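Reading through the structure tokens given below for one structure.
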Amino acid sequence: MPRLPRVTYGRRVTDHTSPAVPHPAAPTPDPALTSTPVAAPAVVSAASGAFAAHLPLAHSMLDRAAHRRTEEGLFATLRADPSTRVVLLHRGRLATGPDGLALATPQEVAAVPEPHAASGDHSNTPRWVFLGEDAPSGTSFLALLLPDDADDLDLDIEGVDPKGPLSVLVRTHEWAGLRELASRLGPRDTGLATEAVALAAWHAANERCPRCGEPTVPVAAGWVRRCVAQDIEHYPRTDPAVIMAVVDPGAGPGEDRLLLGHAAHWPEGRFSTLAGYVEPGEGLEQAVRREVAEEVGVTVGEVVYRASQPWPFPASLMLGFTATALTTDLRPDGEEVTDARWFTRAELTQATESGDVRLPSRSSIARALIEEWFGGPLTGE
Ligand SMILES: [Zn+2]
């Protein structure tokens with residue numbers, strides 16, 4: 001059964017399983033984090049409410065303008081337009097500047113070859129992707145995916161580096177991973193970055209056709225890879241993963257407890273909500289119940305969807321839920337989860353302030369789920 005390789009997602013949310021009654025030890029609730037305890041609909045729009053507002057990677061404002069992907073000569077048109085901006089990626093990292101992404105002008109990348117060159121498409125060729133448009137300004141955005149070896153200086157017999165333009169781009173920029181950048185990107189750059197990082201990972205993993213093993217080439221402005229041998233198309237995939245705040249309602253309001261687990265591969269003291277991939281042929285609610293049962297032996301009743309966040313490491317979509325526990329006996333599976341505990345708000349306050357428990361980063365949906373249940377921000381990164 002597929003499991004998430006690394007669970008470091010999280011941020012804050014509002015809780016439908018119990019009224020937002022602050023524990024005496026809890027800080028004054030952040031109004032943005034406490035939702036009016038209305039009857040919870042079965043499905044809540046991902047973009048709505050305070051919960052989604054605390055998911056930094058879910059804030060894209062970009063118009064993907066999918067209708068332009070098949071436009072004849074799109075890359076040439078956009079590269080000739082001085083207002084176009086280019087997201088640069090190298091080895092999964094983004095070119096950054098003081099204000100977020102360092103977006104290149106067409107002139108700065110003019111020496112980089114056109115896509116679909118006769119040399120084909122493989123890990124040592126640059127790749128171009130159309131990301132979309134920014135409606136207010138009319139700016140179009142491309143991503144330039146630089147090959148891994150772009151920074152290897154490889155002089156030919158005349159002392160010239162044939163990868164010169166690529167090597168210069170790598171050496172003249174600062175690079176950072178999306179996880180590090182997430183909290184300081186604005187909505188536009190968040191959309192550009194998540195889209196570019198996800199597509200870069202997809203291209204890198206799909207150079208060959210999964211059916212016949214022959215090479216594939218990018219078409220549709222980087223949104224499709226075509227198997228030339230079979231004349232079939234392959235599209236980018238996203239892997240849905242459920243992540244859930246499991247709550248024991250306890251004796252009543254204010255007595256509820258949150259379930260947090262420690263995964264085998266995490267640093268000591270790291271606790272987070274449980275999570276796992278949706279299996280083939282499985283519904284989301286089923287996946288929530290199965291994962292919780294497998295990992296800690298708890299039976300879950302009501303499951304309520306909260307919001308989602310792209311997590312392109314390499315291709316996940318995190319779907320956040322709250323879930324009501326029907327049993328409280330904890331039996332960690334000892335493989336994926338090596339420790340699991342119920343926390344009251346007072347216990348979680350004490351444990352995070354003392355450093356005994358360290359929560360996942362503020363860019364993660366796990367953190368949003370934990371802080372929504374808690375009713376406000378908690379100590380730690
Ligand atoms: Zn094929």
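Order determines the names: the first chain of the structure tokens is A, the second B, and so forth; residues in each chain are numbered 1 upward, and ligands are numbered 1 upward as they are shown.
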Can you check which parts of chain A lie within 8 Å of ligand 1? Per residue, the shortest pair of atoms and distance in Å to one decimal, counting only C-alpha atoms and all ligand atoms, sorted by chain and number, as CSV.
```
residue,atom,partner,partner_atom_place_in_ligand_line,distance
A:Arg208,CA,ligand 1,1 (Zn),7.6
A:Cys209,CA,ligand 1,1 (Zn),4.5
A:Pro210,CA,ligand 1,1 (Zn),6.6
A:Arg211,CA,ligand 1,1 (Zn),5.0
A:Cys212,CA,ligand 1,1 (Zn),4.1
A:Gly213,CA,ligand 1,1 (Zn),5.9
A:Glu214,CA,ligand 1,1 (Zn),5.5
A:Pro215,CA,ligand 1,1 (Zn),7.6
A:Thr216,CA,ligand 1,1 (Zn),7.5
A:Cys227,CA,ligand 1,1 (Zn),4.7
A:Val228,CA,ligand 1,1 (Zn),6.9
A:Ala229,CA,ligand 1,1 (Zn),5.6
A:Gln230,CA,ligand 1,1 (Zn),4.8
A:Asp231,CA,ligand 1,1 (Zn),7.3
A:Ile232,CA,ligand 1,1 (Zn),6.7
```
Emit the selected residues as an mmCIF file, in the first residue's frame, including C-alpha atoms.
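Output (out_15.cif):
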```
data_model
loop_
_atom_site.group_PDB
_atom_site.id
_atom_site.type_symbol
_atom_site.label_atom_id
_atom_site.label_comp_id
_atom_site.auth_asym_id
_atom_site.auth_seq_id
_atom_site.Cartn_x
_atom_site.Cartn_y
_atom_site.Cartn_z
ATOM 1 C CA ARG A 208 9.866 7.160 -21.999
ATOM 2 C CA CYS A 209 6.460 5.772 -22.799
ATOM 3 C CA PRO A 210 5.110 3.654 -19.913
ATOM 4 C CA ARG A 211 3.467 1.321 -22.444
ATOM 5 C CA CYS A 212 6.212 0.593 -24.993
ATOM 6 C CA GLY A 213 9.363 2.126 -23.514
ATOM 7 C CA GLU A 214 10.115 4.296 -26.558
ATOM 8 C CA PRO A 215 11.056 7.972 -26.063
ATOM 9 C CA THR A 216 8.280 10.529 -25.662
ATOM 10 C CA CYS A 227 4.871 8.544 -27.717
ATOM 11 C CA VAL A 228 6.051 8.846 -31.307
ATOM 12 C CA ALA A 229 6.269 5.092 -31.813
ATOM 13 C CA GLN A 230 2.638 4.483 -30.906
ATOM 14 C CA ASP A 231 1.195 7.929 -31.628
ATOM 15 C CA ILE A 232 -0.435 8.086 -28.204
#
```
As a PyMOL selection string, please: every residue in segment 67-260 of chain A that a backbone DSSP assignment puts in strand (DSSP E).
chain A and resi 85-90+93-97+100-101+127-134+139-146+174-176+216-219+224-227+232-234+239-248+257-260
What does the distance between atom CA of Asp63 of chain A and atom CA of Leu142 of chain A come to in Å, to one decimal place?
12.6 Å
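Among the candidate residues A:Leu326, A:Ala366, A:Leu57, A:Leu74, the one lying nearest to Arg179 of chain A is A:Leu57, with distances computed using only C-alpha atoms.
Distances to Glu347 of chain A were evaluated for A:Arg64, A:Arg225, A:Arg93, A:Arg257 using only C-alpha atoms, and the minimum falls at A:Arg257.
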Tell me, as a list in words, which residues lie within 10 Å of Ala104 of chain A, counting only C-alpha atoms; anything in the same chain fewer than 2 positions away does not count.
Thr84, Arg85, Val86, Val87, Leu88, Ala95, Leu101, Ala102, Pro106, Gln107, Glu108, Val109, Phe141, Leu142, Ala143, Leu144 and Leu169 of chain A
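Restricting the calculation to only C-alpha atoms, the smallest distance between Met244 of chain A and any of A:Asp81, A:Glu282, A:Glu372, A:Asp339 is found for A:Glu372.
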